[in-house]
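As provided, start.cif (mmCIF, C-alpha atoms, pLDDT in the B column; chains and numbers go by the auth columns) reads as follows.
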data_my_file
loop_
_atom_site.group_PDB
_atom_site.id
_atom_site.type_symbol
_atom_site.label_atom_id
_atom_site.label_comp_id
_atom_site.label_asym_id
_atom_site.label_seq_id
_atom_site.Cartn_x
_atom_site.Cartn_y
_atom_site.Cartn_z
_atom_site.B_iso_or_equiv
_atom_site.auth_seq_id
_atom_site.auth_asym_id
ATOM 1 C CA LEU A 1 -186.110 5.658 50.209 80.00 150 C
ATOM 2 C CA ALA A 2 -184.582 2.290 49.337 93.00 151 C
ATOM 3 C CA ALA A 3 -181.351 2.955 51.235 95.00 152 C
ATOM 4 C CA LEU A 4 -183.312 3.449 54.449 95.00 153 C
ATOM 5 C CA GLN A 5 -185.137 0.152 53.876 96.00 154 C
ATOM 6 C CA ILE A 6 -181.910 -1.761 53.239 97.00 155 C
ATOM 7 C CA LEU A 7 -179.732 -0.225 55.989 96.00 156 C
ATOM 8 C CA PRO A 8 -181.343 -2.024 58.973 96.00 157 C
ATOM 9 C CA HIS A 9 -180.857 -5.359 57.189 97.00 158 C
ATOM 10 C CA VAL A 10 -177.138 -5.000 56.475 97.00 159 C
ATOM 11 C CA PHE A 11 -176.125 -2.919 59.544 88.00 160 C
ATOM 12 C CA THR A 12 -173.170 -1.325 57.788 94.00 161 C
ATOM 13 C CA ARG A 13 -172.134 2.226 58.503 91.00 162 C
ATOM 14 C CA PRO A 14 -174.445 4.632 56.658 93.00 163 C
ATOM 15 C CA GLY A 15 -171.578 6.025 54.567 93.00 164 C
ATOM 16 C CA GLU A 16 -170.657 2.545 53.374 94.00 165 C
ATOM 17 C CA LEU A 17 -174.202 2.002 52.161 96.00 166 C
ATOM 18 C CA ARG A 18 -174.778 5.386 50.579 94.00 167 C
ATOM 19 C CA GLN A 19 -171.527 5.093 48.598 95.00 168 C
ATOM 20 C CA ALA A 20 -172.219 1.535 47.427 95.00 169 C
ATOM 21 C CA THR A 21 -171.899 0.861 43.718 94.00 170 C
ATOM 22 C CA TRP A 22 -173.532 -1.792 41.594 95.00 171 C
ATOM 23 C CA THR A 23 -170.153 -3.350 40.776 94.00 172 C
ATOM 24 C CA GLU A 24 -169.751 -4.251 44.469 95.00 173 C
ATOM 25 C CA ILE A 25 -172.875 -6.418 44.474 95.00 174 C
ATOM 26 C CA ASP A 26 -172.675 -10.052 43.409 94.00 175 C
ATOM 27 C CA PHE A 27 -176.290 -11.137 43.064 96.00 176 C
ATOM 28 C CA ASP A 28 -175.355 -14.758 42.276 96.00 177 C
ATOM 29 C CA ALA A 29 -173.158 -15.161 45.358 95.00 178 C
ATOM 30 C CA ALA A 30 -175.457 -12.944 47.479 96.00 179 C
ATOM 31 C CA VAL A 31 -172.561 -10.832 48.707 96.00 180 C
ATOM 32 C CA TRP A 32 -171.663 -7.155 48.771 95.00 181 C
ATOM 33 C CA THR A 33 -167.911 -6.499 48.743 94.00 182 C
ATOM 34 C CA ILE A 34 -166.973 -3.124 50.187 93.00 183 C
ATOM 35 C CA PRO A 35 -163.499 -1.952 49.140 94.00 184 C
ATOM 36 C CA ALA A 36 -160.938 -1.376 51.887 91.00 185 C
ATOM 37 C CA GLY A 37 -160.659 2.314 51.019 92.00 186 C
ATOM 38 C CA ARG A 38 -164.253 2.937 52.091 91.00 187 C
ATOM 39 C CA MET A 39 -164.038 1.000 55.342 89.00 188 C
ATOM 40 C CA LYS A 40 -163.218 2.616 58.684 85.00 189 C
ATOM 41 C CA MET A 41 -160.616 -0.063 59.445 77.00 190 C
ATOM 42 C CA ARG A 42 -159.285 0.078 55.849 80.00 191 C
ATOM 43 C CA ARG A 43 -159.911 -3.638 55.317 84.00 192 C
ATOM 44 C CA LEU A 44 -161.960 -5.221 52.553 88.00 193 C
ATOM 45 C CA HIS A 45 -165.351 -6.225 53.967 90.00 194 C
ATOM 46 C CA HIS A 46 -167.858 -8.775 52.673 93.00 195 C
ATOM 47 C CA VAL A 47 -171.512 -8.444 53.606 95.00 196 C
ATOM 48 C CA PRO A 48 -173.765 -11.486 53.121 96.00 197 C
ATOM 49 C CA LEU A 49 -177.057 -10.456 51.544 97.00 198 C
ATOM 50 C CA SER A 50 -180.338 -11.978 52.645 98.00 199 C
ATOM 51 C CA ALA A 51 -183.083 -12.851 50.188 98.00 200 C
ATOM 52 C CA GLN A 52 -184.947 -9.721 51.312 98.00 201 C
ATOM 53 C CA VAL A 53 -181.979 -7.452 50.606 98.00 202 C
ATOM 54 C CA LEU A 54 -181.420 -9.040 47.213 98.00 203 C
ATOM 55 C CA ASP A 55 -185.083 -8.410 46.391 97.00 204 C
ATOM 56 C CA MET A 56 -184.835 -4.762 47.521 96.00 205 C
ATOM 57 C CA LEU A 57 -181.688 -4.313 45.429 96.00 206 C
ATOM 58 C CA GLU A 58 -183.376 -5.808 42.357 94.00 207 C
ATOM 59 C CA LYS A 59 -186.276 -3.373 42.792 93.00 208 C
ATOM 60 C CA THR A 60 -183.849 -0.499 43.278 92.00 209 C
ATOM 61 C CA LYS A 61 -181.975 -1.508 40.137 88.00 210 C
ATOM 62 C CA ALA A 62 -185.206 -1.384 38.157 84.00 211 C
ATOM 63 C CA ILE A 63 -185.786 2.170 39.380 81.00 212 C
ATOM 64 C CA SER A 64 -182.273 3.595 39.319 74.00 213 C
ATOM 65 C CA GLY A 65 -181.467 2.443 35.834 65.00 214 C
ATOM 66 C CA THR A 66 -178.487 0.766 34.267 64.00 215 C
ATOM 67 C CA GLY A 67 -177.001 -1.100 37.183 67.00 216 C
ATOM 68 C CA LYS A 68 -173.820 0.961 36.880 78.00 217 C
ATOM 69 C CA GLY A 69 -172.562 3.649 39.195 90.00 218 C
ATOM 70 C CA TYR A 70 -173.982 4.370 42.620 93.00 219 C
ATOM 71 C CA ILE A 71 -176.850 2.283 43.917 94.00 220 C
ATOM 72 C CA PHE A 72 -178.208 5.377 45.651 93.00 221 C
ATOM 73 C CA PRO A 73 -177.282 8.330 43.427 92.00 222 C
ATOM 74 C CA SER A 74 -177.959 11.915 44.403 90.00 223 C
ATOM 75 C CA VAL A 75 -181.044 13.503 42.876 86.00 224 C
ATOM 76 C CA ARG A 76 -178.756 16.291 41.658 87.00 225 C
ATOM 77 C CA SER A 77 -176.103 14.160 39.959 83.00 226 C
ATOM 78 C CA LEU A 78 -175.808 10.497 39.028 81.00 227 C
ATOM 79 C CA THR A 79 -172.056 10.777 39.564 85.00 228 C
ATOM 80 C CA ARG A 80 -172.463 11.416 43.309 91.00 229 C
ATOM 81 C CA PRO A 81 -174.107 9.327 46.034 92.00 230 C
ATOM 82 C CA ILE A 82 -176.864 10.563 48.317 93.00 231 C
ATOM 83 C CA SER A 83 -175.537 12.941 50.961 91.00 232 C
ATOM 84 C CA ASN A 84 -174.513 12.233 54.550 84.00 233 C
ATOM 85 C CA ASN A 85 -177.759 13.735 55.776 91.00 234 C
ATOM 86 C CA THR A 86 -180.208 12.026 53.421 93.00 235 C
ATOM 87 C CA LEU A 87 -181.001 9.041 55.645 93.00 236 C
ATOM 88 C CA ASN A 88 -181.303 11.011 58.869 92.00 237 C
ATOM 89 C CA ALA A 89 -183.358 13.713 57.124 93.00 238 C
ATOM 90 C CA ALA A 90 -185.758 11.022 55.883 93.00 239 C
ATOM 91 C CA MET A 91 -186.238 9.801 59.452 93.00 240 C
ATOM 92 C CA ARG A 92 -186.835 13.359 60.649 95.00 241 C
ATOM 93 C CA ARG A 93 -189.552 13.718 57.947 94.00 242 C
ATOM 94 C CA MET A 94 -191.126 10.531 59.317 94.00 243 C
ATOM 95 C CA GLY A 95 -191.401 12.227 62.688 94.00 244 C
ATOM 96 C CA PHE A 96 -188.409 10.762 64.523 93.00 245 C
ATOM 97 C CA ALA A 97 -186.312 13.185 66.565 91.00 246 C
ATOM 98 C CA ASN A 98 -182.498 13.200 66.580 88.00 247 C
ATOM 99 C CA ASP A 99 -182.455 11.689 70.055 88.00 248 C
ATOM 100 C CA GLU A 100 -184.812 8.850 69.033 90.00 249 C
ATOM 101 C CA VAL A 101 -183.138 7.318 66.000 91.00 250 C
ATOM 102 C CA THR A 102 -180.217 7.851 63.639 90.00 251 C
ATOM 103 C CA SER A 103 -179.094 5.867 60.619 91.00 252 C
ATOM 104 C CA HIS A 104 -175.906 4.849 62.447 91.00 253 C
ATOM 105 C CA GLY A 105 -178.041 3.623 65.365 92.00 254 C
ATOM 106 C CA PHE A 106 -179.226 0.632 63.347 94.00 255 C
ATOM 107 C CA ARG A 107 -175.790 -0.891 63.982 94.00 256 C
ATOM 108 C CA ALA A 108 -176.198 -0.698 67.767 95.00 257 C
ATOM 109 C CA THR A 109 -179.706 -2.118 67.499 95.00 258 C
ATOM 110 C CA ALA A 110 -178.518 -5.044 65.393 97.00 259 C
ATOM 111 C CA SER A 111 -175.564 -5.720 67.677 97.00 260 C
ATOM 112 C CA SER A 112 -177.702 -5.618 70.822 97.00 261 C
ATOM 113 C CA LEU A 113 -180.508 -7.816 69.507 97.00 262 C
ATOM 114 C CA LEU A 114 -178.195 -10.327 67.813 98.00 263 C
ATOM 115 C CA ASN A 115 -176.172 -10.669 71.026 97.00 264 C
ATOM 116 C CA GLU A 116 -179.386 -11.201 73.016 98.00 265 C
ATOM 117 C CA ALA A 117 -180.931 -13.726 70.585 97.00 266 C
ATOM 118 C CA ARG A 118 -181.273 -17.159 72.189 97.00 267 C
ATOM 119 C CA ASP A 119 -182.544 -20.562 71.188 97.00 268 C
ATOM 120 C CA ARG A 120 -185.200 -22.424 73.204 97.00 269 C
ATOM 121 C CA GLN A 121 -182.560 -23.721 75.624 97.00 270 C
ATOM 122 C CA GLY A 122 -181.240 -20.214 76.262 97.00 271 C
ATOM 123 C CA LYS A 123 -178.055 -20.710 74.259 97.00 272 C
ATOM 124 C CA PRO A 124 -176.904 -17.708 72.160 97.00 273 C
ATOM 125 C CA LEU A 125 -177.856 -18.072 68.509 98.00 274 C
ATOM 126 C CA TRP A 126 -174.767 -16.229 67.274 98.00 275 C
ATOM 127 C CA SER A 127 -171.193 -15.996 68.450 96.00 276 C
ATOM 128 C CA SER A 128 -170.046 -12.556 69.500 94.00 277 C
ATOM 129 C CA ASP A 129 -167.080 -13.012 67.144 91.00 278 C
ATOM 130 C CA ALA A 130 -169.383 -13.425 64.136 94.00 279 C
ATOM 131 C CA ILE A 131 -171.448 -10.411 65.169 95.00 280 C
ATOM 132 C CA GLU A 132 -168.349 -8.257 65.583 93.00 281 C
ATOM 133 C CA ARG A 133 -166.989 -9.414 62.231 92.00 282 C
ATOM 134 C CA ALA A 134 -170.345 -8.632 60.582 94.00 283 C
ATOM 135 C CA LEU A 135 -170.081 -5.110 62.022 94.00 284 C
ATOM 136 C CA ALA A 136 -166.550 -4.881 60.571 91.00 285 C
ATOM 137 C CA HIS A 137 -165.072 -4.313 64.014 87.00 286 C
ATOM 138 C CA GLY A 138 -161.481 -5.152 64.768 69.00 287 C
ATOM 139 C CA ASP A 139 -160.567 -7.345 67.709 57.00 288 C
ATOM 140 C CA SER A 140 -159.891 -5.309 70.851 55.00 289 C
ATOM 141 C CA ASP A 141 -157.246 -7.890 71.799 50.00 290 C
ATOM 142 C CA LYS A 142 -154.488 -6.914 69.342 50.00 291 C
ATOM 143 C CA ILE A 143 -152.635 -10.223 69.639 46.00 292 C
ATOM 144 C CA ARG A 144 -155.820 -12.228 69.088 45.00 293 C
ATOM 145 C CA GLY A 145 -156.679 -9.941 66.175 44.00 294 C
ATOM 146 C CA VAL A 146 -153.376 -10.753 64.490 39.00 295 C
ATOM 147 C CA TYR A 147 -153.882 -14.509 64.810 40.00 296 C
ATOM 148 C CA ASN A 148 -157.654 -14.861 64.438 45.00 297 C
ATOM 149 C CA ARG A 149 -158.303 -14.264 60.760 47.00 298 C
ATOM 150 C CA SER A 150 -161.569 -16.142 60.614 61.00 299 C
ATOM 151 C CA VAL A 151 -164.409 -14.331 58.897 78.00 300 C
ATOM 152 C CA TYR A 152 -167.102 -16.632 60.371 89.00 301 C
ATOM 153 C CA TRP A 153 -168.670 -16.617 56.916 91.00 302 C
ATOM 154 C CA ALA A 154 -171.138 -19.516 57.206 93.00 303 C
ATOM 155 C CA GLU A 155 -172.424 -18.195 60.522 95.00 304 C
ATOM 156 C CA ARG A 156 -172.688 -14.650 59.135 95.00 305 C
ATOM 157 C CA VAL A 157 -174.674 -15.843 56.107 95.00 306 C
ATOM 158 C CA ALA A 158 -177.145 -17.662 58.376 97.00 307 C
ATOM 159 C CA MET A 159 -177.256 -14.688 60.728 98.00 308 C
ATOM 160 C CA ALA A 160 -177.985 -12.242 57.883 98.00 309 C
ATOM 161 C CA GLN A 161 -180.981 -14.288 56.754 98.00 310 C
ATOM 162 C CA TRP A 162 -182.210 -14.798 60.328 98.00 311 C
ATOM 163 C CA TRP A 163 -181.904 -11.047 60.968 98.00 312 C
ATOM 164 C CA SER A 164 -183.908 -10.114 57.857 98.00 313 C
ATOM 165 C CA ASP A 165 -186.562 -12.688 58.771 98.00 314 C
ATOM 166 C CA TYR A 166 -186.629 -11.250 62.312 97.00 315 C
ATOM 167 C CA LEU A 167 -187.093 -7.707 60.969 97.00 316 C
ATOM 168 C CA ASP A 168 -189.953 -8.984 58.784 97.00 317 C
ATOM 169 C CA ARG A 169 -191.592 -10.557 61.848 97.00 318 C
ATOM 170 C CA LEU A 170 -191.257 -7.308 63.799 95.00 319 C
ATOM 171 C CA ARG A 171 -192.809 -5.332 60.940 93.00 320 C
ATOM 172 C CA ALA A 172 -195.695 -7.805 60.713 95.00 321 C
ATOM 173 C CA GLY A 173 -196.355 -7.406 64.444 90.00 322 C
#
Show me this structure written as structure tokens.
Amino acid sequence: LAALQILPHVFTRPGELRQATWTEIDFDAAVWTIPAGRMKMRRLHHVPLSAQVLDMLEKTKAISGTGKGYIFPSVRSLTRPISNNTLNAAMRRMGFANDEVTSHGFRATASSLLNEARDRQGKPLWSSDAIERALAHGDSDKIRGVYNRSVYWAERVAMAQWWSDYLDRLRAG
């Protein structure tokens, strides 16, 4: 299931991924723009896409057809996305129990590992602000949230590629 392969790389909420449409993907700019109406915080959200994700999307496009409509359409209707349970059901079929892994849990994993990532001198690789913005979280400090409108884009682009490379290294052992 392509959605389950892509989800750990982009660490969006599962519903945001399953409802993604081809018109939201800009292959040239390597960005996925999620409309505000589909976001929990009701704010437009941009997701930088790593080379690996772009490759997976290209392969998915070749399978799913025209490049219009949902990226992950339901098997029952091309006019509907895969269901809420599709990703978790796929993990259950792989042998994972509910208390071991969920599709939403990829977000916590990404957040934890990105916050723990350090360079050789022990300095954090990524700012917590960039990680929180990548997760589409609002600022818990309401005043700071009003004034800090930075999207940390350059850092998030580098972080997205580093994260996909890291996942590849984990898979390779």
Rank nothing, just name the residue among C:Ile174, C:Ala179, C:Ala309, C:Met190 nearest to C:Phe160, using all atoms listed in the file.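 Among the listed residues, C:Ala309 lies closest to C:Phe160.
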Hey, can you check how far atom CA of C:Glu207 sits from atom CA of C:Phe245?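 These two atoms are separated by 28.1 Å.
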Could you tell me, as a PyMOL selection string, exactly which residues end up selected when the PyMOL selection byres ((chain C and resi 154) around 12) is applied to this structure? chain C and resi 150-153+155-160+163+166+201-206+208-209+221+236+239-240+252+255+313+316-317+320
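Distance-wise, atom CA of C:Ala279 and atom CA of C:Thr170 end up 25.0 Å apart.
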Around stretch 152-157 of chain C, fit a box with edges along x, y and z, padding it by 6 Å on each side, then list its centre and edge lengths in Å to one decimal as lines of an AutoDock Vina configuration file.
center_x = -182.4
center_y = 0.7
center_z = 55.1
size_x = 17.4
size_y = 17.5
size_z = 19.7
Selected residue of minimal separation from C:Pro184 among C:Leu263, C:Val196, C:Val306, C:Ile280, counting only C-alpha atoms: C:Val196
The PyMOL selection byres ((chain C and resi 187) around 12) applied to the shown file, residues as a PyMOL selection string: chain C and resi 161-170+173+182-186+188-194+285
Can you list what the PyMOL selection byres ((chain C and resi 222) around 10) grabs from this structure, as a PDB file with C-alpha atoms, in the coordinates of the input?
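Writing the result to expr-v6.pdb gives the following:
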ATOM      1  CA  ARG C 167    -174.778   5.386  50.579  1.00 94.00           C
ATOM      2  CA  GLN C 168    -171.527   5.093  48.598  1.00 95.00           C
ATOM      3  CA  ALA C 169    -172.219   1.535  47.427  1.00 95.00           C
ATOM      4  CA  THR C 170    -171.899   0.861  43.718  1.00 94.00           C
ATOM      5  CA  SER C 213    -182.273   3.595  39.319  1.00 74.00           C
ATOM      6  CA  GLY C 218    -172.562   3.649  39.195  1.00 90.00           C
ATOM      7  CA  TYR C 219    -173.982   4.370  42.620  1.00 93.00           C
ATOM      8  CA  ILE C 220    -176.850   2.283  43.917  1.00 94.00           C
ATOM      9  CA  PHE C 221    -178.208   5.377  45.651  1.00 93.00           C
ATOM     10  CA  SER C 223    -177.959  11.915  44.403  1.00 90.00           C
ATOM     11  CA  VAL C 224    -181.044  13.503  42.876  1.00 86.00           C
ATOM     12  CA  ARG C 225    -178.756  16.291  41.658  1.00 87.00           C
ATOM     13  CA  SER C 226    -176.103  14.160  39.959  1.00 83.00           C
ATOM     14  CA  LEU C 227    -175.808  10.497  39.028  1.00 81.00           C
ATOM     15  CA  THR C 228    -172.056  10.777  39.564  1.00 85.00           C
ATOM     16  CA  ARG C 229    -172.463  11.416  43.309  1.00 91.00           C
ATOM     17  CA  PRO C 230    -174.107   9.327  46.034  1.00 92.00           C
ATOM     18  CA  ILE C 231    -176.864  10.563  48.317  1.00 93.00           C
ATOM     19  CA  SER C 232    -175.537  12.941  50.961  1.00 91.00           C
TER      20      SER C 232
END
Within 12 Å of file point (-176.8, -11.1, 72.7), counting only C-alpha atoms, expressed as a PDB file with C-alpha atoms, in the frame of the given file:
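The resulting file, out_5.pdb, is shown below:
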ATOM      1  CA  ALA C 257    -176.198  -0.698  67.767  1.00 95.00           C
ATOM      2  CA  THR C 258    -179.706  -2.118  67.499  1.00 95.00           C
ATOM      3  CA  ALA C 259    -178.518  -5.044  65.393  1.00 97.00           C
ATOM      4  CA  SER C 260    -175.564  -5.720  67.677  1.00 97.00           C
ATOM      5  CA  SER C 261    -177.702  -5.618  70.822  1.00 97.00           C
ATOM      6  CA  LEU C 262    -180.508  -7.816  69.507  1.00 97.00           C
ATOM      7  CA  LEU C 263    -178.195 -10.327  67.813  1.00 98.00           C
ATOM      8  CA  ASN C 264    -176.172 -10.669  71.026  1.00 97.00           C
ATOM      9  CA  GLU C 265    -179.386 -11.201  73.016  1.00 98.00           C
ATOM     10  CA  ALA C 266    -180.931 -13.726  70.585  1.00 97.00           C
ATOM     11  CA  ARG C 267    -181.273 -17.159  72.189  1.00 97.00           C
ATOM     12  CA  ASP C 268    -182.544 -20.562  71.188  1.00 97.00           C
ATOM     13  CA  GLY C 271    -181.240 -20.214  76.262  1.00 97.00           C
ATOM     14  CA  LYS C 272    -178.055 -20.710  74.259  1.00 97.00           C
ATOM     15  CA  PRO C 273    -176.904 -17.708  72.160  1.00 97.00           C
ATOM     16  CA  LEU C 274    -177.856 -18.072  68.509  1.00 98.00           C
ATOM     17  CA  TRP C 275    -174.767 -16.229  67.274  1.00 98.00           C
ATOM     18  CA  SER C 276    -171.193 -15.996  68.450  1.00 96.00           C
ATOM     19  CA  SER C 277    -170.046 -12.556  69.500  1.00 94.00           C
ATOM     20  CA  ASP C 278    -167.080 -13.012  67.144  1.00 91.00           C
ATOM     21  CA  ALA C 279    -169.383 -13.425  64.136  1.00 94.00           C
ATOM     22  CA  ILE C 280    -171.448 -10.411  65.169  1.00 95.00           C
ATOM     23  CA  GLU C 281    -168.349  -8.257  65.583  1.00 93.00           C
TER      24      GLU C 281
END
Of the candidates C:Met308, C:Val250, C:Ile212, C:Ala321, which one gets nearest to C:Asn237 if we count all atoms listed in the file?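 Once distances to C:Asn237 are computed over all atoms listed in the file, the minimum belongs to C:Val250.
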